[in-house]
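Taking it in order: structure first as structure tokens, then the write-up.
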Amino acid sequence: MAELITTLRAIRAFDGTPVPRAEIEAIVDEARWTGSARNRQPWRFAAVTDPALREALAKLGQYARPLASAPTALLLLSDPGAGADTEFDLGRVCQSVLLCAHARALATCPVTLYPDDNAREAARLAGFPPPWLARHAVAIGHPGPAVVGRSAVPTGRKPVGELLTHVGGTGA
């Protein structure tokens with residue numbers, strides 16, 4: 001499991017090969033077992049494969065462009081009135097989707113659709129009426145050629161000693 005987590009990367013280039021419906025259904029079937037507050041499972045999913053619709057979704061967030069080039073855009077939908085912990089639960093299920101796809105050698109890129117007007121429009125485009133919002137989506141496909149050049153995003157990970165503080169007790 002550690003290797004699955006440490007090798008997961010956000011991939012923004014896809015080769016265009018369609019992802020079979022059965023693969024997307026298997027990913028959602030596994031991810032739906034993610035824990036949620038009081039087991040509410042406050043999420044719904046919409047798999048979008050239509051190129052024009054994916055292009056429209058890609059315009060609904062500053063970093064949502066990968067949705068246009070991936071053969072599948074998986075929207076993660078929620079009802080904003082479902083509780084204050086809903087966004088946390090969506091983050092958990094999103095990570096599960098990413099790991100389930102990665103285990104199948106599929107590339108993914110999580111994106112946010114904001115502000116709320118964009119999240120409402122994304123839900124509407126997928127056929128979900130109010131109060132549903134699609135604040136999050138995952139671009140899913142087979143990895144394409146690596147982008148050549150220098151990344152504007154820092155690479156690597158901060159060391160544990162910089163991230164972790166022990167409070168109280170001596171630990172074991």
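To be explicit about the labels: the chains of the structure tokens are called A, B, and onward in the order shown, and within each one the residues are counted from 1, while ligands get numbers from 1 in the order they are shown.
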Inset, instruction - Can you list, as a ChimeraX atom specification, all residues belonging to chain A that DSSP tags as strand (DSSP E or B)? - result: /A:10,14,43-48,72-78,107-112,133-141,143
Counting only C-alpha atoms, which residues of stretch 48-88 of chain A fall within 12 Å of stretch 12-25 of chain A, and what is the closest atom pair for each with its distance in Å at one decimal, ordered by chain and rising number, as a tab-separated table?
residue	atom	partner	partner_atom	distance
A:Val48	CA	A:Ile24	CA	10.5
A:Thr49	CA	A:Pro18	CA	8.5
A:Asp50	CA	A:Pro18	CA	11.0
A:Pro51	CA	A:Gly16	CA	10.9
A:Tyr63	CA	A:Arg12	CA	10.3
A:Ala64	CA	A:Arg12	CA	9.9
A:Arg65	CA	A:Arg12	CA	8.4
A:Pro66	CA	A:Arg12	CA	5.4
A:Leu67	CA	A:Arg12	CA	8.8
A:Ala68	CA	A:Phe14	CA	10.1
A:Ser69	CA	A:Phe14	CA	6.5
A:Ala70	CA	A:Phe14	CA	5.7
A:Pro71	CA	A:Pro18	CA	5.4
A:Thr72	CA	A:Val19	CA	6.9
A:Ala73	CA	A:Ile24	CA	10.1
A:Leu74	CA	A:Ile24	CA	8.6
A:Leu75	CA	A:Ile24	CA	11.8
Legend entry - Straight-line distance linking atom CA of A:Leu57 with atom CA of A:Ala134, stated in Å to one decimal: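 The value is 10.0 Å.
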Inset, instruction - Determine which residues of chain A receive a DSSP assignment of alpha helix (DSSP H), computed from the backbone, and state them as a PyMOL selection string. - result: chain A and resi 2-6+21-31+51-58+66-69+86-103+116-125+160-163
Using C-alpha atoms, can you export the residues from the last selection as a PDB file, in the first residue's frame?
ATOM      1  CA  ALA A   2       2.824   2.400   0.799  1.00  0.00           C
ATOM      2  CA  GLU A   3       4.178   2.071  -2.742  1.00  0.00           C
ATOM      3  CA  LEU A   4       0.739   2.814  -4.191  1.00  0.00           C
ATOM      4  CA  ILE A   5       0.628   6.043  -2.172  1.00  0.00           C
ATOM      5  CA  THR A   6       4.227   7.118  -2.764  1.00  0.00           C
ATOM      6  CA  ARG A  21     -17.136   1.819 -18.491  1.00  0.00           C
ATOM      7  CA  ALA A  22     -16.470  -1.343 -16.460  1.00  0.00           C
ATOM      8  CA  GLU A  23     -13.169   0.149 -15.210  1.00  0.00           C
ATOM      9  CA  ILE A  24     -14.857   3.354 -14.054  1.00  0.00           C
ATOM     10  CA  GLU A  25     -17.613   1.340 -12.377  1.00  0.00           C
ATOM     11  CA  ALA A  26     -15.006  -0.829 -10.604  1.00  0.00           C
ATOM     12  CA  ILE A  27     -13.162   2.277  -9.358  1.00  0.00           C
ATOM     13  CA  VAL A  28     -16.385   3.766  -7.973  1.00  0.00           C
ATOM     14  CA  ASP A  29     -17.418   0.388  -6.530  1.00  0.00           C
ATOM     15  CA  GLU A  30     -14.191   0.218  -4.535  1.00  0.00           C
ATOM     16  CA  ALA A  31     -14.061   3.916  -3.612  1.00  0.00           C
ATOM     17  CA  PRO A  51     -15.871  15.608 -25.368  1.00  0.00           C
ATOM     18  CA  ALA A  52     -18.006  18.772 -25.613  1.00  0.00           C
ATOM     19  CA  LEU A  53     -19.267  18.329 -22.070  1.00  0.00           C
ATOM     20  CA  ARG A  54     -15.744  17.665 -20.765  1.00  0.00           C
ATOM     21  CA  GLU A  55     -14.596  20.841 -22.519  1.00  0.00           C
ATOM     22  CA  ALA A  56     -17.385  22.813 -20.837  1.00  0.00           C
ATOM     23  CA  LEU A  57     -16.428  21.355 -17.430  1.00  0.00           C
ATOM     24  CA  ALA A  58     -12.770  22.251 -18.022  1.00  0.00           C
ATOM     25  CA  PRO A  66      -7.167  18.248 -17.628  1.00  0.00           C
ATOM     26  CA  LEU A  67     -10.886  17.410 -17.711  1.00  0.00           C
ATOM     27  CA  ALA A  68     -10.945  18.311 -21.415  1.00  0.00           C
ATOM     28  CA  SER A  69      -8.066  16.056 -22.447  1.00  0.00           C
ATOM     29  CA  THR A  86     -19.103  16.689   3.833  1.00  0.00           C
ATOM     30  CA  GLU A  87     -16.060  18.376   2.247  1.00  0.00           C
ATOM     31  CA  PHE A  88     -13.744  16.272   4.416  1.00  0.00           C
ATOM     32  CA  ASP A  89     -15.619  13.126   3.341  1.00  0.00           C
ATOM     33  CA  LEU A  90     -15.326  14.163  -0.316  1.00  0.00           C
ATOM     34  CA  GLY A  91     -11.570  14.568   0.094  1.00  0.00           C
ATOM     35  CA  ARG A  92     -11.393  11.067   1.503  1.00  0.00           C
ATOM     36  CA  VAL A  93     -13.401   9.494  -1.332  1.00  0.00           C
ATOM     37  CA  CYS A  94     -11.444  11.494  -3.924  1.00  0.00           C
ATOM     38  CA  GLN A  95      -8.173  10.043  -2.618  1.00  0.00           C
ATOM     39  CA  SER A  96      -9.728   6.574  -2.797  1.00  0.00           C
ATOM     40  CA  VAL A  97     -10.711   7.172  -6.437  1.00  0.00           C
ATOM     41  CA  LEU A  98      -7.154   8.281  -7.229  1.00  0.00           C
ATOM     42  CA  LEU A  99      -5.613   5.210  -5.570  1.00  0.00           C
ATOM     43  CA  CYS A 100      -8.091   2.764  -7.132  1.00  0.00           C
ATOM     44  CA  ALA A 101      -7.371   4.173 -10.596  1.00  0.00           C
ATOM     45  CA  HIS A 102      -3.613   4.174  -9.935  1.00  0.00           C
ATOM     46  CA  ALA A 103      -3.783   0.487  -8.946  1.00  0.00           C
ATOM     47  CA  ASP A 116     -19.940  27.747  -6.152  1.00  0.00           C
ATOM     48  CA  ASP A 117     -21.577  29.089  -9.339  1.00  0.00           C
ATOM     49  CA  ASN A 118     -19.167  26.882 -11.305  1.00  0.00           C
ATOM     50  CA  ALA A 119     -19.863  23.905  -9.028  1.00  0.00           C
ATOM     51  CA  ARG A 120     -23.618  24.394  -9.568  1.00  0.00           C
ATOM     52  CA  GLU A 121     -23.112  24.630 -13.339  1.00  0.00           C
ATOM     53  CA  ALA A 122     -20.997  21.452 -13.385  1.00  0.00           C
ATOM     54  CA  ALA A 123     -23.732  19.595 -11.486  1.00  0.00           C
ATOM     55  CA  ARG A 124     -26.374  20.960 -13.854  1.00  0.00           C
ATOM     56  CA  LEU A 125     -24.364  19.876 -16.912  1.00  0.00           C
ATOM     57  CA  VAL A 160       8.882  14.130   8.357  1.00  0.00           C
ATOM     58  CA  GLY A 161      10.902  16.133  10.899  1.00  0.00           C
ATOM     59  CA  GLU A 162       9.678  19.358   9.286  1.00  0.00           C
ATOM     60  CA  LEU A 163       6.049  18.242   9.204  1.00  0.00           C
TER      61      LEU A 163
END
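Candidate residues A:Lys59, A:Pro42, A:Val167, A:Pro110 were compared for distance to A:Ala137, and the nearest is A:Pro110, using only C-alpha atoms.
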